[in-house]
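Peer 1: Sharing coords_8.cif below, mmCIF, C-alpha atoms:
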```cif
data_work
#
loop_
_atom_site.label_atom_id
_atom_site.label_comp_id
_atom_site.auth_asym_id
_atom_site.auth_seq_id
_atom_site.Cartn_x
_atom_site.Cartn_y
_atom_site.Cartn_z
CA MET A 1 29.59 7.60 28.46
CA ILE A 2 27.54 10.22 26.64
CA SER A 3 28.26 11.14 23.01
CA THR A 4 29.57 14.72 22.77
CA LEU A 5 28.49 14.94 19.14
CA ALA A 6 24.96 13.93 20.12
CA ASP A 7 24.92 16.80 22.64
CA GLU A 8 25.97 19.26 19.94
CA ARG A 9 22.95 18.20 17.91
CA GLY A 10 20.62 18.74 20.83
CA PHE A 11 18.83 16.36 23.15
CA GLY A 12 15.06 16.31 22.75
CA VAL A 13 12.08 14.93 24.62
CA TYR A 14 9.04 13.91 22.57
CA VAL A 15 5.67 13.32 24.26
CA HIS A 16 2.96 11.60 22.21
CA TRP A 17 -0.69 12.34 22.94
CA PRO A 18 -2.54 9.78 20.80
CA PHE A 19 -6.10 11.11 20.85
CA CYS A 20 -7.98 13.03 18.16
CA ARG A 21 -11.55 14.22 17.69
CA ALA A 22 -11.63 12.41 14.33
CA LYS A 23 -9.24 10.41 12.14
CA CYS A 24 -8.17 12.31 9.02
CA PRO A 25 -8.27 10.16 5.86
CA TYR A 26 -4.65 10.97 4.88
CA CYS A 27 -3.15 10.38 8.35
CA ASP A 28 -0.99 7.35 9.16
CA PHE A 29 0.14 8.64 12.57
CA ASN A 30 -0.63 6.72 15.75
CA SER A 31 -3.86 8.56 16.50
CA HIS A 32 -7.10 7.27 17.97
CA VAL A 33 -10.61 8.53 18.63
CA ARG A 34 -11.94 7.93 22.15
CA GLU A 35 -15.15 9.11 23.76
CA GLY A 36 -13.49 9.93 27.06
CA VAL A 37 -9.95 10.16 28.39
CA ASP A 38 -8.99 9.98 32.05
CA GLN A 39 -6.61 12.92 32.04
CA SER A 40 -5.31 12.39 35.56
CA ARG A 41 -4.47 8.75 34.83
CA TRP A 42 -2.70 9.65 31.59
CA ARG A 43 -0.84 12.49 33.27
CA ALA A 44 0.50 10.13 35.93
CA ALA A 45 1.59 7.58 33.31
CA LEU A 46 3.47 10.16 31.23
CA LEU A 47 5.29 11.35 34.34
CA THR A 48 6.17 7.76 35.25
CA GLU A 49 7.67 7.03 31.84
CA LEU A 50 9.63 10.29 31.87
CA ALA A 51 11.13 9.29 35.22
CA HIS A 52 12.07 5.89 33.77
CA TYR A 53 14.10 7.47 30.98
CA ALA A 54 15.54 10.17 33.20
CA GLU A 55 17.33 7.49 35.22
CA GLN A 56 19.13 6.33 32.07
CA THR A 57 20.15 9.74 30.77
CA GLN A 58 21.49 11.61 33.76
CA GLY A 59 23.94 14.33 32.79
CA ARG A 60 22.17 15.26 29.57
CA THR A 61 20.86 18.76 28.88
CA VAL A 62 17.44 18.98 27.23
CA THR A 63 17.28 21.48 24.37
CA SER A 64 13.69 20.92 23.24
CA LEU A 65 10.40 19.42 24.35
CA PHE A 66 7.75 18.56 21.77
CA PHE A 67 4.11 17.58 22.37
CA GLY A 68 2.93 15.72 19.26
CA GLY A 69 0.10 13.43 18.33
CA GLY A 70 -2.66 12.86 17.79
CA THR A 71 -3.90 16.21 18.94
CA PRO A 72 -2.01 17.48 22.00
CA SER A 73 -4.21 20.56 22.18
CA LEU A 74 -6.94 18.22 23.47
CA MET A 75 -4.70 17.63 26.48
CA GLU A 76 -5.56 19.60 29.60
CA PRO A 77 -3.10 22.47 30.17
CA GLU A 78 -2.54 21.03 33.67
CA THR A 79 -1.14 17.87 32.08
CA THR A 80 1.14 19.92 29.84
CA ALA A 81 2.37 21.92 32.83
CA ALA A 82 3.05 18.76 34.83
CA VAL A 83 5.15 17.27 32.00
CA ILE A 84 7.11 20.51 31.54
CA ASP A 85 7.81 20.72 35.27
CA ALA A 86 8.92 17.08 35.32
CA VAL A 87 11.35 17.57 32.42
CA LYS A 88 12.90 20.55 34.17
CA ALA A 89 13.15 18.58 37.41
CA HIS A 90 14.75 15.49 35.85
CA TRP A 91 17.27 17.14 33.52
CA ALA A 92 19.26 20.30 33.11
CA THR A 93 17.68 22.44 30.38
CA VAL A 94 19.01 25.20 28.17
CA ALA A 95 17.97 28.72 29.09
CA ASP A 96 15.91 29.12 25.92
CA LEU A 97 14.29 25.67 26.05
CA GLU A 98 12.02 25.27 23.03
CA ILE A 99 8.63 23.85 24.08
CA THR A 100 6.35 23.11 21.12
CA LEU A 101 2.75 21.93 21.15
CA GLU A 102 0.82 20.81 18.08
CA ALA A 103 -2.71 22.18 17.87
CA ASN A 104 -5.72 22.08 15.62
CA PRO A 105 -7.57 25.34 14.91
CA THR A 106 -11.00 24.38 16.23
CA SER A 107 -12.71 26.81 18.59
CA VAL A 108 -12.49 24.31 21.48
CA GLU A 109 -8.72 24.11 21.19
CA ILE A 110 -8.18 27.83 20.57
CA GLU A 111 -9.77 28.50 23.95
CA ARG A 112 -6.96 26.50 25.58
CA PHE A 113 -4.14 28.56 24.05
CA ARG A 114 -3.69 30.86 27.02
CA GLY A 115 -3.63 27.89 29.39
CA PHE A 116 -0.89 26.22 27.35
CA ARG A 117 1.13 29.43 27.30
CA ASP A 118 0.78 29.76 31.07
CA ALA A 119 1.90 26.11 31.38
CA GLY A 120 5.16 27.01 29.67
CA VAL A 121 4.58 26.30 25.97
CA ASN A 122 6.47 28.89 23.92
CA ARG A 123 5.96 27.56 20.40
CA VAL A 124 2.73 26.35 18.80
CA SER A 125 2.42 24.40 15.56
CA ILE A 126 -1.08 24.65 14.09
CA GLY A 127 -2.46 22.05 11.67
CA VAL A 128 -4.26 24.37 9.24
CA GLN A 129 -3.72 22.13 6.15
CA ALA A 130 -5.80 24.31 3.81
CA LEU A 131 -7.48 27.70 3.56
CA ASP A 132 -10.44 26.51 1.51
CA ASP A 133 -13.55 25.07 3.15
CA GLN A 134 -14.20 22.50 0.41
CA VAL A 135 -10.63 21.26 0.57
CA LEU A 136 -10.79 21.07 4.36
CA LYS A 137 -13.87 18.88 4.03
CA PHE A 138 -12.04 16.65 1.52
CA LEU A 139 -9.13 16.35 3.98
CA GLY A 140 -11.50 15.38 6.80
CA ARG A 141 -10.63 18.39 8.93
CA GLN A 142 -12.93 19.54 11.73
CA HIS A 143 -12.38 23.30 11.26
CA SER A 144 -13.27 25.95 8.71
CA SER A 145 -10.93 28.36 6.95
CA GLY A 146 -12.33 31.12 9.15
CA GLU A 147 -11.45 29.20 12.30
CA ALA A 148 -7.98 28.58 10.92
CA ILE A 149 -7.36 32.28 10.32
CA ARG A 150 -8.68 33.13 13.79
CA ALA A 151 -6.44 30.47 15.35
CA LEU A 152 -3.38 31.89 13.61
CA GLU A 153 -4.21 35.41 14.74
CA ILE A 154 -4.77 34.33 18.36
CA GLY A 155 -1.73 32.06 18.24
CA ARG A 156 0.53 34.89 17.09
CA ALA A 157 -0.77 37.07 19.90
CA THR A 158 -0.39 34.34 22.53
CA PHE A 159 2.89 32.53 21.84
CA PRO A 160 6.38 33.90 21.14
CA ARG A 161 6.80 31.52 18.20
CA LEU A 162 4.26 30.03 15.80
CA SER A 163 4.28 27.68 12.84
CA PHE A 164 1.51 26.16 10.77
CA ASP A 165 1.10 23.38 8.22
CA LEU A 166 -0.45 23.34 4.77
CA ILE A 167 -0.97 20.39 2.43
CA TYR A 168 -0.60 21.07 -1.29
CA ALA A 169 -0.30 19.13 -4.55
CA ARG A 170 -3.85 17.99 -3.91
CA PRO A 171 -5.96 16.26 -6.59
CA GLY A 172 -6.76 18.71 -9.37
CA GLN A 173 -4.91 21.61 -7.75
CA SER A 174 -3.53 24.07 -10.29
CA LEU A 175 -0.42 26.19 -9.89
CA GLU A 176 -2.56 29.32 -10.02
CA ALA A 177 -4.85 28.10 -7.21
CA TRP A 178 -1.84 27.21 -5.05
CA GLN A 179 -0.25 30.60 -5.75
CA ASP A 180 -3.37 32.36 -4.45
CA GLU A 181 -3.65 30.13 -1.38
CA LEU A 182 0.02 30.46 -0.49
CA SER A 183 -0.16 34.23 -0.90
CA THR A 184 -2.90 34.32 1.73
CA ALA A 185 -0.89 31.99 3.95
CA LEU A 186 2.18 34.20 3.78
CA ASP A 187 0.12 37.15 4.98
CA LEU A 188 -0.68 35.07 8.06
CA ALA A 189 2.75 33.51 8.55
CA ASN A 190 5.04 34.51 11.37
CA SER A 191 8.49 32.98 11.13
CA HIS A 192 7.97 29.31 10.22
CA ILE A 193 5.71 27.38 7.87
CA SER A 194 5.58 23.69 6.89
CA LEU A 195 4.34 22.83 3.40
CA TYR A 196 3.73 19.14 2.67
CA GLN A 197 2.78 17.59 -0.63
CA LEU A 198 -0.14 15.20 -0.28
CA THR A 199 1.06 11.61 -0.13
CA ILE A 200 -1.12 8.53 -0.05
CA GLU A 201 0.08 6.47 2.90
CA PRO A 202 -0.54 2.73 3.28
CA GLY A 203 -3.41 1.81 5.57
CA THR A 204 -5.18 5.16 5.32
CA ALA A 205 -8.70 5.88 4.12
CA PHE A 206 -7.22 7.82 1.20
CA GLU A 207 -5.37 4.69 0.05
CA GLN A 208 -8.69 2.85 -0.14
CA ARG A 209 -10.35 5.74 -1.99
CA VAL A 210 -7.56 5.95 -4.56
CA ALA A 211 -7.77 2.18 -5.06
CA ARG A 212 -11.52 2.54 -5.69
CA GLY A 213 -10.87 5.29 -8.22
CA ASP A 214 -12.59 8.00 -6.17
CA PHE A 215 -9.79 10.42 -7.05
CA GLN A 216 -6.33 10.47 -8.56
CA THR A 217 -3.17 12.01 -7.22
CA LEU A 218 -1.58 14.90 -9.06
CA PRO A 219 0.84 13.77 -11.81
CA GLU A 220 4.48 13.80 -10.73
CA GLU A 221 5.44 16.48 -13.25
CA GLU A 222 2.81 18.83 -11.83
CA GLN A 223 3.94 18.03 -8.28
CA ALA A 224 7.51 18.91 -9.26
CA THR A 225 6.36 22.21 -10.76
CA LEU A 226 4.52 23.11 -7.56
CA PHE A 227 7.53 22.13 -5.42
CA ASP A 228 9.98 24.22 -7.41
CA TRP A 229 7.71 27.27 -7.50
CA THR A 230 6.98 26.96 -3.76
CA ALA A 231 10.67 26.88 -2.83
CA SER A 232 11.36 29.94 -4.96
CA ARG A 233 8.37 31.86 -3.58
CA LEU A 234 9.28 31.16 0.05
CA GLU A 235 12.90 32.12 -0.60
CA ARG A 236 11.76 35.51 -1.90
CA ALA A 237 9.52 35.89 1.16
CA GLY A 238 12.51 35.48 3.48
CA LEU A 239 11.56 31.96 4.63
CA PRO A 240 13.99 29.70 2.79
CA ALA A 241 13.66 25.92 2.91
CA TYR A 242 16.01 24.66 5.60
CA GLU A 243 14.48 21.20 5.11
CA ILE A 244 12.49 19.73 2.23
CA SER A 245 9.08 20.75 3.59
CA ASN A 246 10.00 23.30 6.25
CA HIS A 247 10.67 27.00 5.75
CA ALA A 248 11.80 29.53 8.33
CA ARG A 249 13.38 32.89 8.83
CA PRO A 250 17.03 32.43 9.86
CA GLY A 251 17.17 31.45 13.54
CA GLU A 252 13.52 30.38 13.67
CA GLU A 253 13.99 26.77 12.58
CA SER A 254 12.35 24.06 14.70
CA ARG A 255 15.16 23.09 17.08
CA HIS A 256 13.43 19.88 18.03
CA ASN A 257 13.06 18.68 14.45
CA LEU A 258 16.64 19.70 13.73
CA THR A 259 17.70 17.22 16.41
CA TYR A 260 15.92 14.48 14.44
CA TRP A 261 17.35 15.50 11.08
CA ARG A 262 20.87 15.90 12.51
CA TYR A 263 20.54 12.38 13.93
CA GLY A 264 20.82 13.54 17.50
CA ASP A 265 19.46 11.84 20.60
CA TYR A 266 15.89 12.10 21.83
CA ILE A 267 13.55 10.34 24.22
CA GLY A 268 10.10 9.30 23.08
CA VAL A 269 7.33 8.72 25.63
CA GLY A 270 3.67 7.96 25.06
CA PRO A 271 1.94 5.35 22.86
CA GLY A 272 3.97 4.38 19.81
CA ALA A 273 6.68 6.97 20.46
CA HIS A 274 10.15 6.27 19.06
CA GLY A 275 13.48 7.33 20.52
CA ARG A 276 17.19 7.29 19.71
CA LEU A 277 19.74 7.22 22.53
CA THR A 278 23.53 7.04 22.41
CA LEU A 279 24.75 5.19 25.52
CA ASP A 280 28.24 3.74 25.99
CA GLY A 281 29.02 4.38 22.34
CA LYS A 282 25.98 2.45 21.13
CA LYS A 283 22.98 3.94 19.35
CA LEU A 284 19.76 2.46 20.73
CA ALA A 285 16.38 2.55 19.03
CA THR A 286 13.41 2.52 21.38
CA ARG A 287 9.71 2.16 20.67
CA GLN A 288 6.73 2.23 23.01
CA HIS A 289 3.59 0.12 22.92
CA ARG A 290 1.44 1.51 20.12
CA ALA A 291 -2.07 0.85 21.45
CA PRO A 292 -3.07 3.54 23.98
CA GLU A 293 -4.68 1.17 26.48
CA ALA A 294 -1.82 -1.35 26.29
CA TRP A 295 0.70 1.46 26.78
CA LEU A 296 -1.18 2.83 29.78
CA GLU A 297 -1.52 -0.54 31.48
CA SER A 298 2.14 -1.39 30.85
CA VAL A 299 3.36 1.88 32.39
CA GLU A 300 1.15 1.40 35.44
CA ARG A 301 2.33 -2.19 35.84
CA GLU A 302 6.04 -1.95 34.95
CA GLY A 303 6.95 1.74 35.15
CA HIS A 304 7.42 2.06 31.39
CA ALA A 305 5.95 0.73 28.14
CA THR A 306 9.09 0.18 26.07
CA ARG A 307 8.30 -2.56 23.58
CA GLN A 308 11.58 -2.48 21.69
CA ARG A 309 15.07 -1.41 22.73
CA ASN A 310 17.56 -2.48 20.09
CA GLU A 311 21.08 -1.47 19.16
CA VAL A 312 21.22 0.18 15.74
CA ALA A 313 23.86 -1.60 13.65
CA THR A 314 26.49 0.47 11.85
CA ALA A 315 24.89 -0.02 8.43
CA ALA A 316 21.51 1.06 9.77
CA ARG A 317 23.07 4.09 11.51
CA LEU A 318 24.55 5.17 8.20
CA GLN A 319 21.25 4.72 6.41
CA GLU A 320 19.23 6.60 9.03
CA MET A 321 21.76 9.43 9.28
CA VAL A 322 21.94 9.94 5.51
CA MET A 323 18.19 9.69 4.99
CA MET A 324 17.57 12.32 7.65
CA GLY A 325 20.57 14.58 7.07
CA LEU A 326 20.18 15.00 3.32
CA ARG A 327 16.72 16.43 3.91
CA LEU A 328 18.45 19.50 5.34
CA ALA A 329 19.84 22.33 3.22
CA GLU A 330 22.90 22.32 5.50
CA GLY A 331 23.62 18.67 4.76
CA ILE A 332 25.80 16.34 6.85
CA PRO A 333 29.25 17.26 8.20
CA ALA A 334 32.02 14.76 7.52
CA ALA A 335 32.67 14.36 11.24
CA ARG A 336 29.21 12.86 11.67
CA PHE A 337 30.03 9.99 9.32
CA VAL A 338 33.07 9.14 11.43
CA ALA A 339 31.15 9.44 14.70
CA GLU A 340 28.27 7.24 13.56
CA THR A 341 30.04 4.68 11.36
CA GLY A 342 33.76 4.92 12.12
CA SER A 343 34.45 5.70 8.45
CA ASP A 344 34.82 8.85 6.39
CA ILE A 345 32.35 9.76 3.63
CA ASP A 346 34.18 8.02 0.79
CA ALA A 347 34.54 4.78 2.73
CA ALA A 348 31.01 4.81 4.17
CA LEU A 349 29.19 5.43 0.88
CA ASP A 350 29.32 3.88 -2.59
CA SER A 351 32.05 6.06 -4.12
CA LYS A 352 30.88 5.46 -7.70
CA ALA A 353 27.30 6.43 -6.88
CA LEU A 354 28.54 9.44 -4.92
CA LYS A 355 30.64 10.65 -7.84
CA ARG A 356 27.78 10.10 -10.29
CA LEU A 357 25.32 12.08 -8.16
CA ILE A 358 27.80 14.93 -7.69
CA GLU A 359 28.49 15.12 -11.42
CA GLY A 360 24.76 15.00 -12.10
CA GLY A 361 24.20 18.09 -9.97
CA PHE A 362 22.25 16.36 -7.18
CA LEU A 363 24.89 16.35 -4.43
CA VAL A 364 27.70 18.67 -3.36
CA LEU A 365 30.72 17.68 -1.28
CA GLU A 366 32.60 20.73 -0.06
CA ASN A 367 33.95 22.23 3.15
CA ASP A 368 33.86 18.77 4.77
CA ARG A 369 30.12 18.55 4.30
CA LEU A 370 27.83 16.50 2.05
CA ARG A 371 24.57 18.14 1.02
CA THR A 372 21.90 17.97 -1.65
CA THR A 373 21.39 20.68 -4.24
CA ASN A 374 17.89 22.08 -4.74
CA GLU A 375 17.45 19.52 -7.55
CA GLY A 376 18.66 16.76 -5.26
CA ARG A 377 16.24 17.61 -2.45
CA ALA A 378 13.36 17.72 -4.93
CA ARG A 379 14.27 14.17 -5.98
CA LEU A 380 15.58 12.88 -2.68
CA ASP A 381 13.99 9.43 -2.87
CA ALA A 382 15.83 8.73 -6.13
CA VAL A 383 19.08 10.19 -4.77
CA LEU A 384 18.90 7.99 -1.66
CA GLY A 385 18.01 4.97 -3.71
CA ASN A 386 21.22 5.37 -5.70
CA LEU A 387 23.43 6.40 -2.80
CA LEU A 388 22.36 3.71 -0.36
CA ALA A 389 21.71 0.85 -2.79
#
```
Kindly transcribe the structure held in the file into structure tokens.
Peer 2:
Amino acid sequence: MISTLADERGFGVYVHWPFCRAKCPYCDFNSHVREGVDQSRWRAALLTELAHYAEQTQGRTVTSLFFGGGTPSLMEPETTAAVIDAVKAHWATVADLEITLEANPTSVEIERFRGFRDAGVNRVSIGVQALDDQVLKFLGRQHSSGEAIRALEIGRATFPRLSFDLIYARPGQSLEAWQDELSTALDLANSHISLYQLTIEPGTAFEQRVARGDFQTLPEEEQATLFDWTASRLERAGLPAYEISNHARPGEESRHNLTYWRYGDYIGVGPGAHGRLTLDGKKLATRQHRAPEAWLESVEREGHATRQRNEVATAARLQEMVMMGLRLAEGIPAARFVAETGSDIDAALDSKALKRLIEGGFLVLENDRLRTTNEGRARLDAVLGNLLA
């Protein structure tokens, strides 16, 4: 039995391409540098794993397909086309299927844009990260600001929909410097932009550099000032924050990411990819082998590389749903609490903490929907810590 509510939230397919030209010092994603990649072998393995999951999810309608990484724009367009064709062959798809591919703005990858468009990609997400050459060097990026601007211009001319990422709240960054950089970015923006504050993730090169004292992160008060100003500036520009770090013109939100944040179902294929599937009333968490070579060999040997396939307990479903859903400006409808936990909002959550956060101006419960205020989203970690303690 398929969950109707899950269908309403969309049903996505995520394909992970784990390879990069270089490892960025802030990145904790499952990405790897390899001298050579056998594209035909990898293409066959991705198609095999898609077929494996298609057998388990017959009757579903795919609403989005997302190529992430790593750097999917290093994938051959022929591989992208083969995956797109396979998804359309295995499942019904909506007429306006969103097909997103992440790309870096190096000249090598820009030259592939037309091939990806011809393969069926209709939305590109470009990892610009900064519009300053010195900052790009600090972030370990392989492109210049000039290449980034050229990539955005070509991307806008090539794909129907385009988004790009910037990282701010960098060490020593002033509000005035960010205002200038964001002004330039808005001149280049189309209908969607993702703005992430720099975080130091465990296991990254940046974590080691901070520990050595090579640089310090921006003080929290300054980060908060940048966050608040950024939200206000994007609102005035007609790209309000529909999620903590994501801004879009109405109707141009990332449908694939909305499926995640609305706690919908999605399949994850490729090394380290995660998935969530509702089957027979149970929510299953899946995870693939993380190491590229181990994943490839497992798929070729067994037809898939699923390392974990566990039922998500009710308490964990509540936690995941709340952590994801309160990131969204739209919040979480009351019906979702019942569908995922069997309880209404008051019974599922700590009522005293809920009341305290509402009175404090961090949460709003109205029209059968729980959502964060602007202040609540800016301090979401603290809100969640109190709500889910």
Peer 1: Could you pull the residues within 7 Å of Glu147 in chain A, counting all atoms listed in the file, minus those fewer than 5 positions along the same chain, as a PyMOL selection string?
Peer 2: chain A and resi 105-107
Peer 1: Rounded to one decimal in Å, what is the spacing between CA of Gly36 in chain A and CA of Leu74 in chain A?
Peer 2: 11.2 Å
Peer 1: So which residues get picked by the PyMOL selection byres ((chain A and resi 216) around 12) here, written as a list in words?
Peer 2: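 Output of the PyMOL selection byres ((chain A and resi 216) around 12): Ala169, Arg170, Pro171, Gly172, Gln173, Leu198, Thr199, Ile200, Phe206, Glu207, Gln208, Arg209, Val210, Ala211, Arg212, Gly213, Asp214, Phe215, Thr217, Leu218, Pro219 and Glu220 of chain A.
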Peer 1: In Å to one decimal, how far is CA of Ser125 in chain A from CA of Asp228 in chain A?
Peer 2: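 Straight-line distance from CA of Asp228 in chain A to CA of Ser125 in chain A works out to 24.2 Å.
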Peer 1: What would the list of residues within 9 Å of (-5.7, 36.0, 22.3) (file frame) look like as a list in words, if all atoms listed in the file are what count?
Peer 2: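 Returned residue set, sorted by chain then number, is Ile110, Glu111, Phe113, Arg114, Ala151, Glu153, Ile154, Gly155, Arg156, Ala157 and Thr158 of chain A.
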Peer 1: Limited to C-alpha atoms, could you put the picked residues into a file as a PDB file, in the coordinates of the input?
Peer 2:
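So part-v2.pdb came out as:
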```
ATOM      1  CA  ILE A 110      -8.180  27.830  20.570  1.00  0.00           C
ATOM      2  CA  GLU A 111      -9.770  28.500  23.950  1.00  0.00           C
ATOM      3  CA  PHE A 113      -4.140  28.560  24.050  1.00  0.00           C
ATOM      4  CA  ARG A 114      -3.690  30.860  27.020  1.00  0.00           C
ATOM      5  CA  ALA A 151      -6.440  30.470  15.350  1.00  0.00           C
ATOM      6  CA  GLU A 153      -4.210  35.410  14.740  1.00  0.00           C
ATOM      7  CA  ILE A 154      -4.770  34.330  18.360  1.00  0.00           C
ATOM      8  CA  GLY A 155      -1.730  32.060  18.240  1.00  0.00           C
ATOM      9  CA  ARG A 156       0.530  34.890  17.090  1.00  0.00           C
ATOM     10  CA  ALA A 157      -0.770  37.070  19.900  1.00  0.00           C
ATOM     11  CA  THR A 158      -0.390  34.340  22.530  1.00  0.00           C
TER      12      THR A 158
END
```
Peer 1: Can you patch up range 168-194 of chain A, filling it in to N, CA and C atoms, and show the result as a PDB file, keeping the file's coordinate frame?
Peer 2:
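As written to disk, result-v5.pdb reads:
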```pdb
ATOM      1  N   TYR A 168      -0.358  20.660   0.097  1.00  0.00           N
ATOM      2  CA  TYR A 168      -0.600  21.070  -1.290  1.00  0.00           C
ATOM      3  C   TYR A 168      -0.346  19.901  -2.237  1.00  0.00           C
ATOM      4  N   ALA A 169      -0.348  20.189  -3.540  1.00  0.00           N
ATOM      5  CA  ALA A 169      -0.300  19.130  -4.550  1.00  0.00           C
ATOM      6  C   ALA A 169      -1.478  18.173  -4.361  1.00  0.00           C
ATOM      7  N   ARG A 170      -2.626  18.767  -4.112  1.00  0.00           N
ATOM      8  CA  ARG A 170      -3.850  17.990  -3.910  1.00  0.00           C
ATOM      9  C   ARG A 170      -4.468  17.636  -5.261  1.00  0.00           C
ATOM     10  N   PRO A 171      -5.356  16.659  -5.322  1.00  0.00           N
ATOM     11  CA  PRO A 171      -5.960  16.260  -6.590  1.00  0.00           C
ATOM     12  C   PRO A 171      -6.595  17.440  -7.320  1.00  0.00           C
ATOM     13  N   GLY A 172      -6.177  17.646  -8.562  1.00  0.00           N
ATOM     14  CA  GLY A 172      -6.760  18.710  -9.370  1.00  0.00           C
ATOM     15  C   GLY A 172      -6.276  20.106  -9.064  1.00  0.00           C
ATOM     16  N   GLN A 173      -5.363  20.271  -8.124  1.00  0.00           N
ATOM     17  CA  GLN A 173      -4.910  21.610  -7.750  1.00  0.00           C
ATOM     18  C   GLN A 173      -4.006  22.188  -8.835  1.00  0.00           C
ATOM     19  N   SER A 174      -4.332  23.396  -9.279  1.00  0.00           N
ATOM     20  CA  SER A 174      -3.530  24.070 -10.290  1.00  0.00           C
ATOM     21  C   SER A 174      -2.469  24.938  -9.630  1.00  0.00           C
ATOM     22  N   LEU A 175      -1.451  25.290 -10.397  1.00  0.00           N
ATOM     23  CA  LEU A 175      -0.420  26.190  -9.890  1.00  0.00           C
ATOM     24  C   LEU A 175      -1.027  27.528  -9.507  1.00  0.00           C
ATOM     25  N   GLU A 176      -1.954  28.016 -10.309  1.00  0.00           N
ATOM     26  CA  GLU A 176      -2.560  29.320 -10.020  1.00  0.00           C
ATOM     27  C   GLU A 176      -3.347  29.287  -8.704  1.00  0.00           C
ATOM     28  N   ALA A 177      -4.082  28.212  -8.465  1.00  0.00           N
ATOM     29  CA  ALA A 177      -4.850  28.100  -7.210  1.00  0.00           C
ATOM     30  C   ALA A 177      -3.906  28.046  -6.016  1.00  0.00           C
ATOM     31  N   TRP A 178      -2.804  27.307  -6.146  1.00  0.00           N
ATOM     32  CA  TRP A 178      -1.840  27.210  -5.050  1.00  0.00           C
ATOM     33  C   TRP A 178      -1.140  28.558  -4.832  1.00  0.00           C
ATOM     34  N   GLN A 179      -0.867  29.284  -5.884  1.00  0.00           N
ATOM     35  CA  GLN A 179      -0.250  30.600  -5.750  1.00  0.00           C
ATOM     36  C   GLN A 179      -1.145  31.531  -4.929  1.00  0.00           C
ATOM     37  N   ASP A 180      -2.435  31.505  -5.196  1.00  0.00           N
ATOM     38  CA  ASP A 180      -3.370  32.360  -4.450  1.00  0.00           C
ATOM     39  C   ASP A 180      -3.447  31.936  -2.987  1.00  0.00           C
ATOM     40  N   GLU A 181      -3.534  30.624  -2.750  1.00  0.00           N
ATOM     41  CA  GLU A 181      -3.650  30.130  -1.380  1.00  0.00           C
ATOM     42  C   GLU A 181      -2.392  30.427  -0.572  1.00  0.00           C
ATOM     43  N   LEU A 182      -1.229  30.210  -1.196  1.00  0.00           N
ATOM     44  CA  LEU A 182       0.020  30.460  -0.490  1.00  0.00           C
ATOM     45  C   LEU A 182       0.226  31.943  -0.227  1.00  0.00           C
ATOM     46  N   SER A 183      -0.246  32.787  -1.124  1.00  0.00           N
ATOM     47  CA  SER A 183      -0.160  34.230  -0.900  1.00  0.00           C
ATOM     48  C   SER A 183      -0.929  34.632   0.355  1.00  0.00           C
ATOM     49  N   THR A 184      -2.120  34.066   0.515  1.00  0.00           N
ATOM     50  CA  THR A 184      -2.900  34.320   1.730  1.00  0.00           C
ATOM     51  C   THR A 184      -2.181  33.781   2.958  1.00  0.00           C
ATOM     52  N   ALA A 185      -1.603  32.596   2.831  1.00  0.00           N
ATOM     53  CA  ALA A 185      -0.890  31.990   3.950  1.00  0.00           C
ATOM     54  C   ALA A 185       0.295  32.835   4.386  1.00  0.00           C
ATOM     55  N   LEU A 186       1.023  33.393   3.432  1.00  0.00           N
ATOM     56  CA  LEU A 186       2.180  34.200   3.780  1.00  0.00           C
ATOM     57  C   LEU A 186       1.798  35.477   4.504  1.00  0.00           C
ATOM     58  N   ASP A 187       0.610  35.980   4.229  1.00  0.00           N
ATOM     59  CA  ASP A 187       0.120  37.150   4.980  1.00  0.00           C
ATOM     60  C   ASP A 187      -0.125  36.803   6.440  1.00  0.00           C
ATOM     61  N   LEU A 188      -0.387  35.516   6.701  1.00  0.00           N
ATOM     62  CA  LEU A 188      -0.680  35.070   8.060  1.00  0.00           C
ATOM     63  C   LEU A 188       0.538  34.489   8.763  1.00  0.00           C
ATOM     64  N   ALA A 189       1.587  34.196   7.990  1.00  0.00           N
ATOM     65  CA  ALA A 189       2.750  33.510   8.550  1.00  0.00           C
ATOM     66  C   ALA A 189       3.541  34.429   9.465  1.00  0.00           C
ATOM     67  N   ASN A 190       4.187  33.793  10.423  1.00  0.00           N
ATOM     68  CA  ASN A 190       5.040  34.510  11.370  1.00  0.00           C
ATOM     69  C   ASN A 190       6.494  34.298  10.972  1.00  0.00           C
ATOM     70  N   SER A 191       7.073  33.208  11.417  1.00  0.00           N
ATOM     71  CA  SER A 191       8.490  32.980  11.130  1.00  0.00           C
ATOM     72  C   SER A 191       8.776  31.561  10.667  1.00  0.00           C
ATOM     73  N   HIS A 192       7.749  30.711  10.605  1.00  0.00           N
ATOM     74  CA  HIS A 192       7.970  29.310  10.220  1.00  0.00           C
ATOM     75  C   HIS A 192       6.705  28.765   9.597  1.00  0.00           C
ATOM     76  N   ILE A 193       6.864  28.018   8.511  1.00  0.00           N
ATOM     77  CA  ILE A 193       5.710  27.380   7.870  1.00  0.00           C
ATOM     78  C   ILE A 193       6.154  26.048   7.292  1.00  0.00           C
ATOM     79  N   SER A 194       5.295  25.029   7.421  1.00  0.00           N
ATOM     80  CA  SER A 194       5.580  23.690   6.890  1.00  0.00           C
ATOM     81  C   SER A 194       4.601  23.408   5.757  1.00  0.00           C
TER      82      SER A 194
END
```
